[in-house]
$ cat entry.txt   # compact mmCIF, C-alpha atoms and all ligand atoms
# COMPACT_ATOMS: atom_id res chain seq x y z
CA MET A 1 1.25 14.93 -81.86
CA ASN A 2 4.94 15.46 -82.57
CA ALA A 3 6.17 19.06 -82.77
CA LYS A 4 4.90 20.87 -85.84
CA LYS A 5 7.45 21.30 -88.63
CA ARG A 6 8.56 24.88 -89.09
CA VAL A 7 7.92 26.04 -92.65
CA ALA A 8 9.21 29.05 -94.57
CA ILE A 9 7.55 30.09 -97.84
CA LEU A 10 9.36 31.84 -100.70
CA ILE A 11 7.25 33.98 -103.04
CA SER A 12 7.73 36.53 -105.79
CA GLY A 13 4.23 37.87 -106.34
CA ARG A 14 0.55 37.32 -105.60
CA GLY A 15 1.05 34.55 -103.06
CA SER A 16 -2.24 32.68 -103.45
CA ASN A 17 -0.52 29.33 -102.86
CA MET A 18 1.18 30.86 -99.83
CA THR A 19 -2.25 31.89 -98.55
CA ALA A 20 -3.55 28.34 -99.06
CA LEU A 21 -0.67 27.01 -96.95
CA ILE A 22 -1.24 29.63 -94.25
CA GLU A 23 -4.95 28.75 -94.10
CA ALA A 24 -4.26 24.99 -93.95
CA ALA A 25 -1.72 25.47 -91.17
CA LYS A 26 -4.38 27.11 -88.99
CA ALA A 27 -5.97 23.70 -88.36
CA PRO A 28 -4.86 22.51 -84.92
CA ASP A 29 -4.01 19.05 -86.24
CA TYR A 30 -2.02 20.27 -89.27
CA PRO A 31 1.56 19.02 -88.82
CA ALA A 32 3.29 22.23 -89.95
CA GLU A 33 3.32 25.92 -88.99
CA ILE A 34 4.31 28.83 -91.22
CA VAL A 35 7.15 30.70 -89.50
CA GLY A 36 8.23 33.13 -92.20
CA VAL A 37 7.62 34.39 -95.73
CA PHE A 38 10.46 35.61 -97.93
CA SER A 39 10.18 37.48 -101.22
CA ASN A 40 12.86 38.48 -103.70
CA ARG A 41 10.55 41.35 -104.66
CA ALA A 42 9.72 43.91 -101.97
CA ALA A 43 6.53 44.81 -103.88
CA ALA A 44 5.14 41.25 -103.88
CA PRO A 45 1.47 41.55 -102.82
CA GLY A 46 1.76 38.28 -100.89
CA LEU A 47 4.03 39.96 -98.32
CA GLU A 48 1.17 42.17 -97.16
CA THR A 49 -1.07 39.11 -96.75
CA ALA A 50 1.60 37.37 -94.67
CA ARG A 51 2.13 40.43 -92.48
CA ALA A 52 -1.61 40.75 -91.91
CA GLU A 53 -1.53 37.15 -90.64
CA GLY A 54 1.19 38.13 -88.17
CA ILE A 55 3.84 36.09 -89.98
CA GLU A 56 7.43 37.33 -90.12
CA THR A 57 8.54 38.51 -93.56
CA ALA A 58 11.85 39.32 -95.19
CA THR A 59 12.90 40.59 -98.62
CA LEU A 60 16.21 40.76 -100.45
CA ALA A 61 16.85 41.82 -104.02
CA GLN A 62 19.36 39.61 -105.77
CA SER A 63 20.62 42.70 -107.61
CA SER A 64 22.10 44.05 -104.37
CA PHE A 65 24.45 41.05 -104.08
CA PRO A 66 27.64 40.46 -106.05
CA SER A 67 26.55 36.95 -107.03
CA ARG A 68 23.61 34.57 -106.91
CA LEU A 69 25.52 32.49 -104.38
CA ASP A 70 25.98 35.49 -102.05
CA PHE A 71 22.25 36.22 -102.33
CA GLU A 72 21.36 32.62 -101.53
CA ASN A 73 23.81 32.39 -98.63
CA ARG A 74 22.09 35.37 -97.03
CA LEU A 75 18.71 33.78 -97.80
CA THR A 76 19.80 30.56 -96.06
CA GLU A 77 20.86 32.64 -93.04
CA ILE A 78 17.38 34.14 -92.91
CA LEU A 79 15.68 30.74 -93.26
CA GLU A 80 17.92 29.24 -90.60
CA GLY A 81 17.23 32.26 -88.39
CA TRP A 82 13.55 31.23 -88.61
CA ARG A 83 14.67 27.66 -87.77
CA ALA A 84 12.85 26.42 -90.87
CA ASP A 85 12.65 22.65 -91.23
CA ILE A 86 10.98 22.83 -94.65
CA VAL A 87 11.05 25.51 -97.36
CA CYS A 88 8.13 25.85 -99.80
CA LEU A 89 8.57 27.70 -103.08
CA ALA A 90 5.21 29.22 -103.99
CA GLY A 91 5.49 31.21 -107.20
CA PHE A 92 9.15 31.97 -106.43
CA MET A 93 10.42 32.99 -109.85
CA ARG A 94 14.17 32.61 -109.40
CA ILE A 95 16.34 29.72 -110.45
CA LEU A 96 18.27 28.39 -107.47
CA THR A 97 21.89 27.21 -107.54
CA PRO A 98 22.85 23.54 -107.05
CA GLU A 99 24.53 24.64 -103.80
CA PHE A 100 21.26 25.99 -102.40
CA THR A 101 19.18 23.02 -103.53
CA ALA A 102 21.79 20.59 -102.11
CA HIS A 103 21.73 22.41 -98.76
CA TRP A 104 17.94 22.03 -98.52
CA GLN A 105 17.64 18.69 -100.30
CA GLY A 106 14.59 16.70 -99.18
CA ARG A 107 13.28 19.80 -97.36
CA LEU A 108 12.67 22.07 -100.38
CA LEU A 109 9.32 21.85 -102.21
CA ASN A 110 7.93 23.61 -105.26
CA ILE A 111 4.54 23.84 -106.94
CA HIS A 112 4.53 23.91 -110.71
CA PRO A 113 1.49 24.55 -112.94
CA SER A 114 1.74 21.48 -115.18
CA LEU A 115 1.76 17.72 -115.03
CA LEU A 116 5.54 17.37 -114.86
CA PRO A 117 7.57 16.13 -116.67
CA ASP A 118 5.32 17.86 -119.24
CA PHE A 119 5.84 21.61 -119.66
CA PRO A 120 8.64 22.58 -117.28
CA GLY A 121 9.50 26.30 -117.29
CA LEU A 122 7.21 29.24 -118.06
CA ASP A 123 3.90 29.75 -119.92
CA THR A 124 2.71 26.24 -119.11
CA HIS A 125 -0.97 26.89 -119.79
CA ALA A 126 -0.42 28.39 -123.26
CA ARG A 127 1.95 25.56 -124.11
CA ALA A 128 -0.55 22.93 -122.93
CA LEU A 129 -3.21 24.49 -125.19
CA ALA A 130 -0.79 24.66 -128.12
CA GLY A 131 0.04 21.00 -127.51
CA ASN A 132 -3.66 20.03 -127.74
CA VAL A 133 -3.49 17.95 -124.56
CA ALA A 134 -6.73 16.57 -123.12
CA GLU A 135 -5.57 17.00 -119.52
CA HIS A 136 -3.43 19.51 -117.69
CA GLY A 137 -2.75 20.11 -114.01
CA CYS A 138 -0.17 20.83 -111.37
CA THR A 139 2.64 19.09 -109.51
CA VAL A 140 4.20 19.51 -106.08
CA HIS A 141 7.73 18.16 -106.18
CA PHE A 142 10.99 18.11 -104.27
CA VAL A 143 13.43 20.62 -105.75
CA THR A 144 16.66 19.31 -107.27
CA PRO A 145 19.22 21.25 -109.34
CA GLY A 146 17.47 20.65 -112.69
CA LEU A 147 14.64 23.08 -113.50
CA ASP A 148 11.27 21.56 -112.45
CA GLU A 149 12.86 18.11 -112.43
CA GLY A 150 12.76 16.77 -108.87
CA PRO A 151 10.66 13.81 -107.71
CA ALA A 152 6.91 14.45 -107.68
CA ILE A 153 5.08 14.27 -104.35
CA LEU A 154 1.52 14.77 -105.65
CA GLN A 155 -0.21 15.79 -108.87
CA ALA A 156 -3.73 17.00 -109.63
CA ARG A 157 -5.36 16.81 -113.07
CA VAL A 158 -7.95 19.01 -114.75
CA PRO A 159 -9.62 18.60 -118.14
CA VAL A 160 -8.79 20.98 -120.97
CA LEU A 161 -12.17 22.21 -122.24
CA PRO A 162 -13.21 23.49 -125.67
CA GLY A 163 -12.74 27.24 -125.85
CA ASP A 164 -10.17 27.34 -123.04
CA THR A 165 -7.75 30.24 -123.04
CA PRO A 166 -4.50 30.27 -121.02
CA GLU A 167 -6.41 32.34 -118.44
CA THR A 168 -9.41 29.99 -118.03
CA LEU A 169 -7.11 26.98 -117.90
CA ALA A 170 -4.82 28.68 -115.36
CA ALA A 171 -7.82 29.47 -113.15
CA ARG A 172 -8.99 25.82 -113.26
CA VAL A 173 -5.49 24.59 -112.38
CA LEU A 174 -5.08 27.18 -109.59
CA VAL A 175 -8.13 25.83 -107.74
CA GLU A 176 -6.36 22.46 -107.66
CA GLU A 177 -3.00 24.01 -106.67
CA HIS A 178 -4.60 25.46 -103.56
CA LYS A 179 -5.73 21.98 -102.44
CA LEU A 180 -2.65 20.10 -103.61
CA TYR A 181 0.08 22.11 -101.90
CA PRO A 182 -1.35 21.86 -98.36
CA GLU A 183 -1.82 18.12 -98.84
CA ALA A 184 1.72 17.61 -100.15
CA LEU A 185 3.21 19.68 -97.32
CA ARG A 186 1.19 17.64 -94.83
CA MET A 187 2.70 14.45 -96.24
CA VAL A 188 6.25 15.81 -96.13
CA ALA A 189 5.79 17.15 -92.59
CA LEU A 190 4.61 13.72 -91.48
CA GLY A 191 7.49 11.99 -93.25
CA GLU A 192 5.04 10.29 -95.63
CA ALA A 193 6.59 11.57 -98.87
C1 LIG A 201 1.28 29.44 -109.44
O1 LIG A 201 0.42 29.06 -110.48
C2 LIG A 201 2.48 28.51 -109.38
O2 LIG A 201 2.16 27.18 -109.70
C3 LIG A 201 3.38 29.12 -110.44
O3 LIG A 201 3.24 30.50 -110.27
C4 LIG A 201 1.94 30.78 -109.75
C5 LIG A 201 2.11 31.62 -108.51
O4 LIG A 201 0.87 32.07 -108.06
N1 LIG A 201 4.72 28.70 -110.28
C6 LIG A 201 5.57 28.58 -111.30
O5 LIG A 201 5.28 28.82 -112.44
C7 LIG A 201 6.95 28.10 -110.89
N2 LIG A 201 7.72 27.79 -112.04
P1 LIG A 201 0.68 32.51 -106.56
O6 LIG A 201 1.76 33.57 -106.29
O7 LIG A 201 -0.68 33.09 -106.51
O8 LIG A 201 0.85 31.30 -105.69
$ encode --input "entry.txt" --output "structure tokens"
Amino acid sequence: MNAKKRVAILISGRGSNMTALIEAAKAPDYPAEIVGVFSNRAAAPGLETARAEGIETATLAQSSFPSRLDFENRLTEILEGWRADIVCLAGFMRILTPEFTAHWQGRLLNIHPSLLPDFPGLDTHARALAGNVAEHGCTVHFVTPGLDEGPAILQARVPVLPGDTPETLAARVLVEEHKLYPEALRMVALGEA
């Protein structure tokens, strides 16, 4: 097999999608390895999970930088220090500048909890319920400057069931997220996306 792609993951919180990627990458034939986890919040629970897996971690608060661009330039230095080929956003709740997304274009992935282009932004599950949709789901896409706008790599669908709340719907979607992201990263690492 060709050399595994080196992958950095950016999180802000729980990190369950990060954990799904870490678990998938343990398979000997998986074409990517997780080389570092970055969080913009030092208290993100996912950092502890990554450390327990022996993965390098780093944190920076944007508030300690004079501008978003300065923060992102330092972030790119960290990612390049890890020699990351691919960067996966996994619940990373910061909007990135066009400069950052251009730098990583084609190598920057995100998972979003809706069937894009439906429901970009926040509170996707509540908005799907308010919209009375029959189906909801998640999307892994390449990141471009527009919010949740880049080309989709894979999507997974779930039914919306009678009596669903944002929480029950989110839980049903999350099960699919944990399968979808490893599969999408596999495709990108193999040059199939
Ligand atoms: C996931 O549901 C992810 O799709 C969503 O945040 C959650 C993070 O959970 N991402 C976004 O809403 C991005 N706009 P996790 O930290 O357990 O992976």
$ residues_around --input "entry.txt" --residues "Glu183 in chain A" --least-positions-apart "4" --cutoff "12 Å" --atoms "only C-alpha atoms" --output "list in words"
Asn17, Ala20, Leu21, Ala24, Ala25, Tyr30, Pro31, Ala32, Ile111, Thr139, Val140, Ile153, Leu154, Gln155, Ala156, Glu176, Glu177, His178, Lys179, Met187, Val188, Ala189, Leu190, Glu192 and Ala193 of chain A
$ closest_residue --input "entry.txt" --among "A:Lys26, A:Lys4, A:His136, A:His112" --to "Leu89 in chain A" --atoms "all atoms listed in the file"
A:His112
$ residues_near_ligand --input "entry.txt" --ligand "ligand LIG 201 (chain A)" --cutoff "6 Å" --atoms "all atoms listed in the file" --output "JSON, numbers by chain"
{"A": [13, 14, 15, 16, 17, 18, 90, 91, 111, 112, 113, 121, 122, 174]}
$ closest_residue --input "entry.txt" --among "A:Pro45, A:Gly131, A:Gly36, A:Pro98" --to "Ile78 in chain A" --atoms "only C-alpha atoms"
A:Gly36
$ closest_residue --input "entry.txt" --among "A:Leu185, A:Leu115, A:Leu109, A:Val87" --to "Pro159 in chain A" --atoms "all atoms listed in the file"
A:Leu115
$ closest_residue --input "entry.txt" --among "A:Gln62, A:Cys88, A:Asp29, A:Arg74" --to "Ala8 in chain A" --atoms "all atoms listed in the file"
A:Cys88
$ residues_around --input "entry.txt" --residues "Asn132 in chain A" --least-positions-apart "6" --cutoff "12 Å" --atoms "all atoms listed in the file" --output "PDB file with C-alpha atoms, keeping the file's coordinate frame"
ATOM      1  CA  HIS A 125      -0.970  26.890-119.790  1.00  0.00           C
ATOM      2  CA  ALA A 126      -0.420  28.390-123.260  1.00  0.00           C
ATOM      3  CA  PRO A 159      -9.620  18.600-118.140  1.00  0.00           C
ATOM      4  CA  VAL A 160      -8.790  20.980-120.970  1.00  0.00           C
ATOM      5  CA  LEU A 161     -12.170  22.210-122.240  1.00  0.00           C
ATOM      6  CA  PRO A 162     -13.210  23.490-125.670  1.00  0.00           C
ATOM      7  CA  GLY A 163     -12.740  27.240-125.850  1.00  0.00           C
ATOM      8  CA  ASP A 164     -10.170  27.340-123.040  1.00  0.00           C
ATOM      9  CA  THR A 165      -7.750  30.240-123.040  1.00  0.00           C
TER      10      THR A 165
END
$ closest_residue --input "entry.txt" --among "A:Leu69, A:Val35, A:Cys138, A:Met93" --to "Gly54 in chain A" --atoms "all atoms listed in the file"
A:Val35
$ residues_around --input "entry.txt" --residues "Arg172 in chain A" --least-positions-apart "5" --cutoff "9 Å" --atoms "only C-alpha atoms" --output "list in words"
Gly137, Val158, Pro159 and Glu167 of chain A
$ residues_around --input "entry.txt" --residues "Pro166 in chain A" --least-positions-apart "4" --cutoff "9 Å" --atoms "all atoms listed in the file" --output "VMD selection string"
chain A and resid 123 to 129 170 to 171
$ closest_residue --input "entry.txt" --among "A:Val133, A:Ala44, A:Ile34, A:Leu147" --to "Thr97 in chain A" --atoms "all atoms listed in the file"
A:Leu147
$ decode --input "entry.txt" --residues "range 116-145 of chain A" --atoms "N, CA and C atoms" --output "compact mmCIF listing (two decimals), in the first residue's frame"
# COMPACT_ATOMS: atom_id res chain seq x y z
N LEU A 116 -26.87 18.75 3.35
CA LEU A 116 -26.58 20.00 2.64
C LEU A 116 -27.00 19.85 1.17
N PRO A 117 -27.51 20.87 0.51
CA PRO A 117 -27.50 22.27 0.94
C PRO A 117 -28.63 22.65 1.90
N ASP A 118 -29.41 21.69 2.39
CA ASP A 118 -30.42 22.03 3.38
C ASP A 118 -29.75 22.30 4.74
N PHE A 119 -30.23 23.29 5.43
CA PHE A 119 -29.86 23.59 6.81
C PHE A 119 -28.36 23.76 7.06
N PRO A 120 -27.70 24.67 6.36
CA PRO A 120 -26.35 25.05 6.77
C PRO A 120 -26.42 25.76 8.13
N GLY A 121 -25.29 25.93 8.79
CA GLY A 121 -25.29 26.69 10.05
C GLY A 121 -25.65 25.83 11.25
N LEU A 122 -26.21 26.49 12.27
CA LEU A 122 -26.43 25.85 13.58
C LEU A 122 -27.86 25.32 13.71
N ASP A 123 -28.09 24.55 14.79
CA ASP A 123 -29.43 24.07 15.16
C ASP A 123 -30.13 23.32 14.03
N THR A 124 -29.37 22.48 13.35
CA THR A 124 -29.90 21.82 12.15
C THR A 124 -31.06 20.88 12.47
N HIS A 125 -30.98 20.20 13.61
CA HIS A 125 -32.01 19.20 13.92
C HIS A 125 -33.34 19.88 14.24
N ALA A 126 -33.29 20.93 15.04
CA ALA A 126 -34.52 21.68 15.35
C ALA A 126 -35.10 22.29 14.08
N ARG A 127 -34.25 22.78 13.21
CA ARG A 127 -34.75 23.40 11.98
C ARG A 127 -35.34 22.35 11.04
N ALA A 128 -34.75 21.16 11.02
CA ALA A 128 -35.31 20.08 10.18
C ALA A 128 -36.71 19.72 10.69
N LEU A 129 -36.86 19.63 12.01
CA LEU A 129 -38.18 19.30 12.58
C LEU A 129 -39.18 20.42 12.28
N ALA A 130 -38.74 21.65 12.43
CA ALA A 130 -39.64 22.79 12.15
C ALA A 130 -40.04 22.82 10.68
N GLY A 131 -39.15 22.31 9.82
CA GLY A 131 -39.42 22.30 8.39
C GLY A 131 -40.26 21.10 7.95
N ASN A 132 -40.60 20.22 8.91
CA ASN A 132 -41.45 19.05 8.61
C ASN A 132 -40.88 18.17 7.51
N VAL A 133 -39.56 18.01 7.46
CA VAL A 133 -38.97 17.16 6.42
C VAL A 133 -39.17 15.69 6.79
N ALA A 134 -39.23 14.83 5.78
CA ALA A 134 -39.40 13.40 6.02
C ALA A 134 -38.06 12.73 6.29
N GLU A 135 -37.00 13.34 5.75
CA GLU A 135 -35.66 12.77 5.90
C GLU A 135 -34.68 13.85 6.33
N HIS A 136 -33.69 13.40 7.08
CA HIS A 136 -32.63 14.31 7.54
C HIS A 136 -31.34 13.50 7.43
N GLY A 137 -30.21 14.06 7.86
CA GLY A 137 -28.99 13.27 7.73
C GLY A 137 -27.75 14.09 7.96
N CYS A 138 -26.67 13.68 7.31
CA CYS A 138 -25.40 14.36 7.50
C CYS A 138 -24.61 14.32 6.19
N THR A 139 -23.64 15.24 6.11
CA THR A 139 -22.85 15.41 4.90
C THR A 139 -21.39 15.56 5.28
N VAL A 140 -20.50 14.87 4.59
CA VAL A 140 -19.07 15.19 4.65
C VAL A 140 -18.75 15.90 3.35
N HIS A 141 -18.12 17.08 3.49
CA HIS A 141 -17.85 17.88 2.29
C HIS A 141 -16.47 18.52 2.38
N PHE A 142 -15.95 18.89 1.21
CA PHE A 142 -14.74 19.71 1.17
C PHE A 142 -15.12 21.12 1.63
N VAL A 143 -14.22 21.75 2.36
CA VAL A 143 -14.49 23.09 2.88
C VAL A 143 -14.03 24.13 1.86
N THR A 144 -14.94 25.06 1.57
CA THR A 144 -14.63 26.22 0.73
C THR A 144 -15.00 27.46 1.55
N PRO A 145 -14.71 28.67 1.04
CA PRO A 145 -14.95 29.85 1.90
C PRO A 145 -16.39 30.01 2.38
